[in-house]
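Chemist: Pasting final.cif here (mmCIF, C-alpha atoms and all ligand atoms):
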data_structure
#
loop_
_atom_site.label_atom_id
_atom_site.label_comp_id
_atom_site.auth_asym_id
_atom_site.auth_seq_id
_atom_site.Cartn_x
_atom_site.Cartn_y
_atom_site.Cartn_z
CA MET L 1 -38.39 -34.07 -0.77
CA THR L 2 -37.45 -30.56 0.30
CA ASP L 3 -37.52 -28.05 -2.56
CA LEU L 4 -34.40 -25.94 -2.27
CA SER L 5 -34.95 -23.67 -5.26
CA ALA L 6 -36.75 -20.99 -3.22
CA LEU L 7 -33.93 -21.05 -0.66
CA SER L 8 -31.38 -20.84 -3.44
CA GLN L 9 -33.03 -17.70 -4.82
CA ARG L 10 -33.30 -16.08 -1.39
CA LEU L 11 -29.62 -16.76 -0.69
CA ALA L 12 -28.60 -15.38 -4.07
CA SER L 13 -30.36 -12.08 -3.42
CA LEU L 14 -29.20 -11.98 0.21
CA THR L 15 -25.53 -12.42 -0.69
CA GLY L 16 -25.35 -10.91 -4.16
CA ASN L 17 -24.95 -14.29 -5.87
CA ARG L 18 -22.16 -15.49 -3.64
CA THR L 19 -23.67 -18.90 -2.78
CA SER L 20 -23.49 -22.17 -4.67
CA THR L 21 -26.58 -24.35 -5.19
CA PRO L 22 -27.42 -25.79 -1.75
CA ARG L 23 -27.53 -29.56 -1.32
CA LEU L 24 -29.42 -31.45 1.35
CA ARG L 25 -28.51 -34.93 2.50
CA ASP L 26 -29.68 -36.69 5.66
CA GLY L 27 -30.85 -33.34 7.07
CA VAL L 28 -27.47 -31.65 6.48
CA LEU L 29 -27.50 -28.73 4.10
CA THR L 30 -24.16 -27.85 2.48
CA LEU L 31 -23.20 -24.91 0.32
CA VAL L 32 -20.21 -22.82 -0.68
CA LEU L 33 -20.10 -19.10 0.15
CA ASP L 34 -17.67 -16.92 -1.78
CA VAL L 35 -16.36 -14.32 0.68
CA SER L 36 -13.74 -12.77 -1.62
CA GLY L 37 -13.02 -9.15 -0.83
CA LEU L 38 -15.15 -8.98 2.31
CA ALA L 39 -13.80 -7.68 5.61
CA ARG L 40 -13.90 -10.12 8.52
CA ASP L 41 -17.04 -8.66 10.16
CA ALA L 42 -18.91 -8.67 6.85
CA ARG L 43 -17.85 -12.29 6.24
CA VAL L 44 -19.08 -13.42 9.63
CA ALA L 45 -22.37 -11.50 9.30
CA MET L 46 -23.01 -12.92 5.82
CA ALA L 47 -22.30 -16.51 6.89
CA GLU L 48 -24.63 -16.10 9.89
CA ALA L 49 -27.42 -14.70 7.73
CA VAL L 50 -27.04 -17.58 5.26
CA GLU L 51 -27.15 -20.11 8.07
CA ARG L 52 -30.28 -18.54 9.60
CA GLU L 53 -32.04 -18.58 6.27
CA ALA L 54 -31.06 -22.20 5.59
CA ARG L 55 -32.06 -23.45 9.03
CA ALA L 56 -35.54 -22.04 8.57
CA VAL L 57 -36.19 -24.53 5.76
CA PRO L 58 -38.20 -27.56 6.93
CA GLY L 59 -36.11 -30.72 6.84
CA VAL L 60 -32.81 -28.89 7.45
CA GLU L 61 -31.27 -30.01 10.72
CA ASP L 62 -27.72 -28.85 10.25
CA VAL L 63 -25.97 -26.36 7.96
CA ARG L 64 -22.37 -26.55 6.71
CA ILE L 65 -21.00 -23.54 4.90
CA ALA L 66 -17.64 -23.74 3.15
CA GLN L 67 -16.23 -20.24 2.80
CA THR L 68 -13.90 -19.63 -0.11
CA ALA L 69 -12.02 -16.55 -1.14
CA GLU L 70 -10.23 -15.99 -4.40
CA LYS L 71 -6.66 -14.98 -3.87
CA ARG L 72 -6.78 -11.29 -4.72
CA ASP L 73 -4.75 -9.92 -7.49
CA ARG L 74 -3.41 -7.14 -5.29
CA ALA L 75 -0.97 -4.84 -7.01
CA ILE L 76 2.17 -4.03 -5.07
CA VAL L 77 3.69 -0.65 -5.84
CA ALA L 78 7.21 -0.35 -4.42
CA VAL L 79 8.49 3.13 -3.65
CA ALA L 80 12.27 3.07 -3.78
CA SER L 81 15.30 5.32 -3.85
CA GLY L 82 18.99 4.78 -4.25
CA LYS L 83 19.89 6.52 -1.01
CA GLY L 84 18.24 7.59 2.22
CA GLY L 85 16.83 10.96 3.11
CA VAL L 86 15.38 11.85 -0.28
CA GLY L 87 11.81 11.81 1.03
CA LYS L 88 10.79 8.31 -0.02
CA SER L 89 8.72 7.80 3.14
CA THR L 90 7.04 11.18 2.78
CA VAL L 91 6.18 10.37 -0.84
CA SER L 92 4.91 6.84 0.05
CA ALA L 93 2.61 8.06 2.84
CA ASN L 94 1.15 10.91 0.82
CA LEU L 95 0.81 8.77 -2.29
CA ALA L 96 -1.21 6.21 -0.30
CA ILE L 97 -3.47 8.90 1.16
CA ALA L 98 -3.93 10.62 -2.20
CA LEU L 99 -4.78 7.30 -3.91
CA ALA L 100 -7.37 6.62 -1.18
CA LYS L 101 -8.86 10.06 -1.90
CA LEU L 102 -9.14 9.05 -5.57
CA GLY L 103 -11.19 6.03 -4.51
CA VAL L 104 -8.45 3.38 -4.69
CA ARG L 105 -8.60 0.79 -1.88
CA VAL L 106 -5.04 1.08 -0.69
CA GLY L 107 -2.81 -0.20 2.11
CA LEU L 108 0.63 1.04 3.15
CA VAL L 109 3.59 -1.17 4.14
CA ASP L 110 6.67 0.43 5.68
CA ALA L 111 9.51 -1.98 4.88
CA ASP L 112 12.25 0.50 5.71
CA ILE L 113 14.14 -1.43 8.38
CA TYR L 114 16.79 1.26 8.73
CA GLY L 115 14.42 4.04 9.62
CA PRO L 116 10.75 3.08 9.72
CA SER L 117 9.18 6.53 9.68
CA GLN L 118 5.57 5.75 8.73
CA PRO L 119 4.33 5.49 12.34
CA ARG L 120 5.53 9.07 12.89
CA LEU L 121 4.29 10.34 9.53
CA LEU L 122 0.84 8.84 10.06
CA ALA L 123 0.64 9.45 13.82
CA SER L 124 0.45 5.79 14.79
CA GLU L 125 3.57 5.55 16.96
CA GLY L 126 3.39 3.09 19.83
CA GLU L 127 0.49 1.12 18.33
CA LYS L 128 0.85 -2.64 18.13
CA PRO L 129 -0.92 -4.55 15.38
CA GLN L 130 -2.87 -7.62 16.54
CA ALA L 131 -2.64 -10.99 14.84
CA GLU L 132 -5.48 -13.39 14.10
CA GLU L 133 -4.88 -16.92 12.86
CA LYS L 134 -1.19 -15.97 12.49
CA GLN L 135 -2.09 -13.10 10.19
CA LEU L 136 -1.28 -9.51 11.10
CA ILE L 137 -4.17 -7.08 11.14
CA PRO L 138 -3.19 -3.65 9.83
CA ILE L 139 -3.79 -0.59 11.96
CA ARG L 140 -5.01 2.71 10.53
CA GLY L 141 -2.99 5.87 10.10
CA ALA L 142 -4.63 8.97 8.62
CA GLY L 143 -7.49 6.73 7.49
CA VAL L 144 -5.24 4.32 5.57
CA PRO L 145 -4.62 0.71 6.70
CA MET L 146 -0.92 0.33 7.36
CA LEU L 147 1.83 -1.81 8.84
CA SER L 148 5.37 -0.75 9.63
CA MET L 149 8.58 -2.40 10.72
CA GLY L 150 8.37 0.29 13.40
CA HIS L 151 5.21 -1.37 14.76
CA LEU L 152 6.82 -4.80 14.91
CA VAL L 153 10.08 -4.06 16.73
CA GLN L 154 11.50 -1.66 19.28
CA PRO L 155 12.95 1.51 17.77
CA GLY L 156 16.51 0.95 16.58
CA GLN L 157 16.36 -2.84 16.89
CA ALA L 158 15.61 -3.87 13.32
CA ILE L 159 18.76 -2.33 11.96
CA ALA L 160 20.75 -5.22 13.49
CA TRP L 161 18.57 -7.81 11.76
CA ARG L 162 20.13 -10.18 9.34
CA GLY L 163 18.68 -10.40 5.86
CA PRO L 164 16.35 -13.39 6.37
CA MET L 165 14.72 -11.80 9.43
CA ALA L 166 14.00 -8.60 7.56
CA ALA L 167 12.71 -10.56 4.55
CA ASN L 168 10.46 -12.60 6.86
CA ALA L 169 9.02 -9.46 8.45
CA LEU L 170 8.37 -8.04 4.98
CA GLY L 171 6.49 -11.23 4.05
CA GLN L 172 4.33 -11.02 7.18
CA MET L 173 3.37 -7.46 6.37
CA ILE L 174 2.64 -8.15 2.69
CA ASP L 175 0.53 -11.21 3.59
CA ALA L 176 -1.36 -9.43 6.36
CA ARG L 177 -5.13 -9.18 6.40
CA TRP L 178 -5.55 -6.34 3.91
CA ASP L 179 -9.15 -7.37 3.23
CA ASP L 180 -10.33 -5.65 0.08
CA ALA L 181 -7.23 -3.50 -0.54
CA GLU L 182 -6.45 -3.58 -4.26
CA VAL L 183 -3.11 -1.77 -4.07
CA LEU L 184 -0.30 -1.95 -1.50
CA ILE L 185 2.19 0.90 -1.44
CA VAL L 186 5.49 -0.42 -0.04
CA ASP L 187 8.01 2.07 1.34
CA MET L 188 11.28 0.24 0.62
CA PRO L 189 14.54 0.71 2.50
CA PRO L 190 17.08 2.76 0.54
CA GLY L 191 19.71 0.96 -1.53
CA THR L 192 19.79 -2.52 -2.96
CA GLY L 193 19.84 -5.01 -0.06
CA ASP L 194 18.05 -8.16 1.13
CA VAL L 195 14.62 -6.60 1.52
CA GLN L 196 14.76 -5.43 -2.10
CA LEU L 197 15.77 -8.88 -3.31
CA SER L 198 13.04 -10.58 -1.31
CA MET L 199 10.53 -8.05 -2.61
CA ILE L 200 11.50 -8.63 -6.22
CA GLN L 201 11.84 -12.40 -6.07
CA LYS L 202 9.00 -13.32 -3.75
CA HIS L 203 6.37 -10.61 -3.83
CA LYS L 204 6.63 -9.58 -7.48
CA PRO L 205 5.67 -5.90 -7.45
CA ALA L 206 3.41 -4.66 -10.22
CA GLY L 207 5.64 -1.63 -10.57
CA VAL L 208 8.07 0.70 -8.88
CA VAL L 209 8.13 4.44 -8.25
CA ILE L 210 11.62 5.89 -7.88
CA VAL L 211 12.12 8.96 -5.69
CA SER L 212 15.08 11.25 -6.18
CA THR L 213 16.13 14.77 -5.27
CA PRO L 214 17.50 17.10 -7.92
CA GLN L 215 21.14 16.71 -6.85
CA ASP L 216 23.33 14.81 -9.26
CA LEU L 217 24.47 12.43 -6.57
CA ALA L 218 20.95 11.38 -5.66
CA LEU L 219 20.19 10.89 -9.33
CA ILE L 220 23.20 8.61 -9.76
CA ASP L 221 21.92 6.65 -6.78
CA ALA L 222 18.47 6.62 -8.31
CA THR L 223 19.95 5.07 -11.45
CA ARG L 224 21.31 2.24 -9.33
CA ALA L 225 17.87 1.54 -7.84
CA VAL L 226 16.38 1.68 -11.34
CA ASN L 227 18.93 -0.86 -12.60
CA LEU L 228 18.16 -3.31 -9.81
CA PHE L 229 14.44 -3.35 -10.57
CA GLU L 230 14.95 -3.30 -14.33
CA GLN L 231 17.27 -6.28 -14.24
CA ALA L 232 14.52 -8.15 -12.41
CA HIS L 233 11.98 -7.01 -15.07
CA VAL L 234 9.88 -5.08 -12.57
CA PRO L 235 7.98 -2.45 -14.58
CA MET L 236 8.95 1.17 -13.91
CA ILE L 237 5.99 3.42 -13.15
CA GLY L 238 8.23 6.47 -13.18
CA LEU L 239 10.39 8.97 -11.32
CA VAL L 240 9.30 11.51 -8.70
CA GLU L 241 11.48 14.52 -8.09
CA ASN L 242 11.21 15.52 -4.44
CA MET L 243 12.50 18.67 -2.75
CA ALA L 244 12.65 20.38 -6.11
CA GLY L 245 12.75 24.18 -6.09
CA TYR L 246 12.43 26.02 -2.81
CA ALA L 247 9.34 28.13 -2.36
CA CYS L 248 10.19 31.09 -0.11
CA PRO L 249 7.57 31.13 2.66
CA HIS L 250 7.69 34.97 2.72
CA CYS L 251 7.53 36.03 -0.91
CA GLY L 252 6.64 32.74 -2.64
CA GLU L 253 9.55 33.07 -5.08
CA ILE L 254 10.86 29.69 -6.21
CA SER L 255 14.60 29.18 -6.23
CA ASP L 256 16.41 26.09 -7.48
CA PRO L 257 19.62 25.68 -5.48
CA PHE L 258 20.39 22.42 -7.28
CA GLY L 259 19.32 23.55 -10.72
CA SER L 260 16.01 22.60 -12.30
CA GLY L 261 14.91 19.98 -14.79
CA GLY L 262 17.71 17.53 -13.90
CA ALA L 263 15.43 14.76 -12.69
CA GLU L 264 13.05 15.17 -15.60
CA SER L 265 15.83 14.91 -18.16
CA ALA L 266 17.40 12.00 -16.23
CA ALA L 267 14.01 10.23 -16.37
CA GLY L 268 13.99 10.85 -20.13
CA VAL L 269 17.48 9.40 -20.53
CA MET L 270 16.48 6.33 -18.51
CA GLY L 271 13.32 5.96 -20.60
CA MET L 272 11.08 6.48 -17.59
CA ALA L 273 7.93 8.53 -17.13
CA PHE L 274 8.37 11.67 -15.04
CA LEU L 275 5.53 11.50 -12.53
CA ALA L 276 5.66 14.60 -10.36
CA ARG L 277 7.76 17.39 -8.98
CA ILE L 278 7.27 17.99 -5.29
CA PRO L 279 8.67 21.28 -4.01
CA LEU L 280 10.94 21.65 -1.02
CA SER L 281 8.50 23.22 1.38
CA ILE L 282 8.74 23.96 5.07
CA ALA L 283 5.00 23.30 5.34
CA ILE L 284 5.46 19.76 3.94
CA ARG L 285 8.20 19.06 6.46
CA THR L 286 6.41 20.46 9.52
CA ALA L 287 3.09 18.81 8.60
CA SER L 288 4.83 15.46 8.00
CA ASP L 289 6.76 15.61 11.23
CA ALA L 290 3.55 16.44 13.11
CA GLY L 291 1.80 13.32 11.73
CA THR L 292 -0.62 15.31 9.54
CA PRO L 293 0.38 14.41 5.98
CA PRO L 294 -0.22 17.24 3.51
CA ALA L 295 -2.12 14.98 1.09
CA ALA L 296 -4.82 14.53 3.74
CA GLY L 297 -5.56 18.27 3.61
CA THR L 298 -6.85 20.50 0.84
CA GLY L 299 -4.10 23.14 0.75
CA PRO L 300 -1.60 23.74 -2.05
CA ASP L 301 0.81 21.21 -0.51
CA ALA L 302 -1.67 18.43 -1.28
CA GLU L 303 -1.67 19.22 -5.01
CA PRO L 304 1.61 17.63 -6.15
CA PHE L 305 0.74 14.45 -4.27
CA MET L 306 -2.73 14.34 -5.85
CA ALA L 307 -1.09 14.78 -9.26
CA LEU L 308 1.32 11.94 -8.48
CA ALA L 309 -1.52 9.68 -7.33
CA GLY L 310 -3.44 10.48 -10.50
CA ARG L 311 -0.50 9.35 -12.64
CA VAL L 312 -0.01 6.16 -10.61
CA LYS L 313 -3.72 5.37 -10.76
CA GLU L 314 -3.70 5.86 -14.52
CA TRP L 315 -0.76 3.47 -14.78
CA LEU L 316 -2.54 0.86 -12.65
CA ASP L 317 -5.78 1.23 -14.63
CA ARG L 318 -3.91 0.82 -17.93
CA ARG L 319 -2.26 -2.29 -16.59
CA GLN L 320 -5.64 -3.86 -15.81
CA ALA L 321 -7.27 -2.89 -19.08
N1 LIG L 401 9.18 17.99 -0.24
C1 LIG L 401 9.70 18.15 0.99
N2 LIG L 401 9.84 19.38 1.52
C2 LIG L 401 10.40 19.55 2.76
N3 LIG L 401 10.82 18.55 3.52
C3 LIG L 401 10.70 17.30 3.05
C4 LIG L 401 10.13 17.02 1.76
N4 LIG L 401 10.15 15.68 1.58
C5 LIG L 401 10.70 15.13 2.69
N5 LIG L 401 11.03 16.11 3.56
C6 LIG L 401 11.67 15.95 4.88
O1 LIG L 401 12.92 15.32 4.68
C7 LIG L 401 13.20 14.39 5.73
C8 LIG L 401 13.47 13.02 5.12
O2 LIG L 401 12.28 12.56 4.50
P1 LIG L 401 11.85 11.02 4.52
O3 LIG L 401 11.96 10.46 5.89
O4 LIG L 401 10.53 10.95 3.84
O5 LIG L 401 12.99 10.46 3.60
P2 LIG L 401 13.42 8.98 3.29
O6 LIG L 401 14.00 8.99 1.93
O7 LIG L 401 12.31 8.04 3.55
O8 LIG L 401 14.54 8.80 4.35
P3 LIG L 401 15.06 7.46 5.02
O9 LIG L 401 15.50 6.60 3.91
O10 LIG L 401 16.18 7.98 5.88
O11 LIG L 401 13.89 6.91 5.78
C9 LIG L 401 11.98 14.45 6.66
O12 LIG L 401 12.24 15.34 7.72
C10 LIG L 401 10.88 15.02 5.77
O13 LIG L 401 9.89 15.73 6.50
#
Let's see the structure in the file written out as C-alpha cells.
Modeler:
Amino acid sequence: MTDLSALSQRLASLTGNRTSTPRLRDGVLTLVLDVSGLARDARVAMAEAVEREARAVPGVEDVRIAQTAEKRDRAIVAVASGKGGVGKSTVSANLAIALAKLGVRVGLVDADIYGPSQPRLLASEGEKPQAEEKQLIPIRGAGVPMLSMGHLVQPGQAIAWRGPMAANALGQMIDARWDDAEVLIVDMPPGTGDVQLSMIQKHKPAGVVIVSTPQDLALIDATRAVNLFEQAHVPMIGLVENMAGYACPHCGEISDPFGSGGAESAAGVMGMAFLARIPLSIAIRTASDAGTPPAAGTGPDAEPFMALAGRVKEWLDRRQA
C-alpha cells in the first residue's frame, strides 16, 4: 500500500496547510485544495504544483483536485450623498487609494449611472473589463482594482436605463472577481433610487459614508440619504464635509463662504460621527480632473483623505473585533 503521509506533509508545507488528507483509490489520488483569497494565477500555480508533487508518488496514476474557496466576508462601504455634485466620486476614489496606502486590500465600484466619473478620476477611460466564466475582471486605476458603469456602457447611455438594468449592472460589478479584496468602496448615484434600493436589499453594505458640502441645502439632502440607509438599518460610518473652507492659492488664507462647522454640527444632531473636512481646493479639482488623485501623492492635499481613510479603517477594524 502506498504511504501517503509523507506526501501529505509535503503538500501542507507547499501550500501553507491548504490541502486535505489525500486519498488513493485504484491509482486515482483525490484531495481538496482551499484556494480562498488567492488570485487566479496563484490558484492555477498552486494546483499545478500540488498535482506535480502527487504524480511523483509511486502508485499514483491520476490526480483529482477539488478546489474550494470560502465565500469572502467582503465589507461593502457605500459612499452616498443626497444630491449630485458634492464631490462623492472624488471622495470615493481618494478614500479607496488612501485605504490601499494604509494596507487595506480594497476595490472600487462606480455605481453612479447618472455620471460615472471614476474612469476619468482614475485615468482608465476607454478601457473595457474582460469577463471570465461570466465574471467581470476589474481593471486597475491608480493602482486600485476598479469597475465603473462608465466601463460597461457608452457615455450617456446608462442614464436611460430602467431600474432593473441598473441594479443588474451593480450586481455584476459587486460580484466581479475581486480576488482577495477585503473592502469594496461603492460610489453610489446621488439620491434615493433603484440602485440604492438594490444595494441595500441585495448587497447589504457594512456601512455608509455620507458626503455633503457645507451649504444648508446639501445638508438637507444629506439628511434624506441618511434616512434611507437608516431605515434599512445600514450602519452609518459617518459624514464627510467636502469643499469646506476655501484656501486661497496665493496667500493661503482660509475663507468659509458657506459658514463653517455646519456639517459637523449636523452630524452631531443626526448622531453620526464626523469623519473629515476636505477643503475646497483648486489643486484637488485640477489633479482629479487630470486623473491623478491627490491621495496618491504626498502633498498637503493627500492629508484629509488619509485622515478619512484612517477613520474608516478604524471603523472597519472595530466591526471585525
Ligand atoms: N474638495 C474639492 N475641491 C475642489 N474641487 C472639488 C472638490 N471635491 C470635488 N471637486 C470637484 O467638484 C466636481 C464634482 O465632483 P464629483 O464628480 O466628485 O462630485 P459627485 O458628487 O460625484 O457628482 P455627481 O453626482 O454629479 O457624479 C468635480 O469637478 C471635482 O473635481
Chemist: Hey, which of L:Gly238, L:Gly27, L:Gly37, L:Gly115 ends up closest to ligand LIG 401 (chain L)? Count all atoms listed in the file.
Modeler: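 Between L:Gly238, L:Gly27, L:Gly37, L:Gly115, the residue approaching ligand LIG 401 (chain L) most closely is L:Gly115.
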Chemist: To one decimal place in Å, what is the distance between atom CA of Ala66 of chain L and atom CA of Ala47 of chain L?
Modeler: 9.4 Å
Chemist: Name each residue within 6 Å of ligand LIG 401 (chain L), counting all atoms listed in the file, as a ChimeraX atom specification.
Modeler: /L:84-90,115,190,242-243,278-282,284-285,288-289
Chemist: For the residues selected in the previous step, produce a file with C-alpha atoms as a PDB file, keeping the file's coordinate frame.
Modeler:
ATOM      1  CA  GLY L  84      18.240   7.590   2.220  1.00  0.00           C
ATOM      2  CA  GLY L  85      16.830  10.960   3.110  1.00  0.00           C
ATOM      3  CA  VAL L  86      15.380  11.850  -0.280  1.00  0.00           C
ATOM      4  CA  GLY L  87      11.810  11.810   1.030  1.00  0.00           C
ATOM      5  CA  LYS L  88      10.790   8.310  -0.020  1.00  0.00           C
ATOM      6  CA  SER L  89       8.720   7.800   3.140  1.00  0.00           C
ATOM      7  CA  THR L  90       7.040  11.180   2.780  1.00  0.00           C
ATOM      8  CA  GLY L 115      14.420   4.040   9.620  1.00  0.00           C
ATOM      9  CA  PRO L 190      17.080   2.760   0.540  1.00  0.00           C
ATOM     10  CA  ASN L 242      11.210  15.520  -4.440  1.00  0.00           C
ATOM     11  CA  MET L 243      12.500  18.670  -2.750  1.00  0.00           C
ATOM     12  CA  ILE L 278       7.270  17.990  -5.290  1.00  0.00           C
ATOM     13  CA  PRO L 279       8.670  21.280  -4.010  1.00  0.00           C
ATOM     14  CA  LEU L 280      10.940  21.650  -1.020  1.00  0.00           C
ATOM     15  CA  SER L 281       8.500  23.220   1.380  1.00  0.00           C
ATOM     16  CA  ILE L 282       8.740  23.960   5.070  1.00  0.00           C
ATOM     17  CA  ILE L 284       5.460  19.760   3.940  1.00  0.00           C
ATOM     18  CA  ARG L 285       8.200  19.060   6.460  1.00  0.00           C
ATOM     19  CA  SER L 288       4.830  15.460   8.000  1.00  0.00           C
ATOM     20  CA  ASP L 289       6.760  15.610  11.230  1.00  0.00           C
TER      21      ASP L 289
END
Chemist: Excluding Gly291 of chain L and any residue of its chain fewer than 6 positions from it, enumerate the residues within 12 Å of it, using all atoms listed in the file, and give them as an MDAnalysis selection string.
Modeler: chainID L and resid 90 93:94 117:125 141:142 284:285
Chemist: From the set L:Gly245, L:Gly143, L:Gly299, L:Gly107, which residue has the shortest atom-to-atom contact distance to Gly261 of chain L, counting all atoms listed in the file?
Modeler: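 Comparing L:Gly245, L:Gly143, L:Gly299, L:Gly107 against Gly261 of chain L, the winner is L:Gly245.
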Chemist: When you draw a straight line from atom CA of Arg318 of chain L to atom CA of Pro235 of chain L, how long is it in Å?
Modeler: 12.8 Å
Chemist: Arg55 of chain L: which residues within 12 Å, counting all atoms listed in the file, same-chain residues fewer than 2 positions away excluded, as a PyMOL selection string?
Modeler: chain L and resi 4+7+22+24+27-30+48-53+57-65
Chemist: Which residue gives the smallest distance to Ser148 of chain L among L:Val186, L:Gln130, L:Met199, L:Ala181, with only C-alpha atoms counted?
Modeler: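 The answer is L:Val186, which sits nearest to Ser148 of chain L.
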Chemist: When you count all atoms listed in the file, which of these residues is closest to Gln215 of chain L: L:Val234, L:Leu170, L:Val183, L:Ala266?
Modeler: L:Ala266
Chemist: Rank L:Gly171, L:Lys128, L:Cys251, L:Thr68 by their smallest atom-to-atom distance to Leu152 of chain L, using all atoms listed in the file, and report the top residue only.
Modeler: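 Among the listed residues, L:Lys128 lies closest to Leu152 of chain L.
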Chemist: So how far away is atom CA of Leu99 of chain L from atom CA of Trp178 of chain L, in Å?
Modeler: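 Atom-to-atom, atom CA of Trp178 of chain L to atom CA of Leu99 of chain L, that is 15.7 Å.
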Chemist: For the point (18.8, 16.8, -10.5) in the file's frame, write as a list in words all residues with an atom no more than 6 Å away, counting all atoms listed in the file.
Modeler: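 Residues lying no farther than 6 Å from the given point: Pro214, Gln215, Asp216, Gly262 and Ala263 of chain L.
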Chemist: Take the residues from that selection and put them in a file with C-alpha atoms, as an mmCIF file, in the coordinates of the input.
Modeler:
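And here's result04.cif as it stands now:
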data_model
loop_
_atom_site.group_PDB
_atom_site.id
_atom_site.type_symbol
_atom_site.label_atom_id
_atom_site.label_comp_id
_atom_site.auth_asym_id
_atom_site.auth_seq_id
_atom_site.Cartn_x
_atom_site.Cartn_y
_atom_site.Cartn_z
ATOM 1 C CA PRO L 214 17.500 17.100 -7.920
ATOM 2 C CA GLN L 215 21.140 16.710 -6.850
ATOM 3 C CA ASP L 216 23.330 14.810 -9.260
ATOM 4 C CA GLY L 262 17.710 17.530 -13.900
ATOM 5 C CA ALA L 263 15.430 14.760 -12.690
#
Chemist: When distances are computed from all atoms listed in the file, which of L:Gly191, L:Gly163, L:Pro138, L:Pro300 shows the smallest separation from Val226 of chain L?
Modeler: L:Gly191
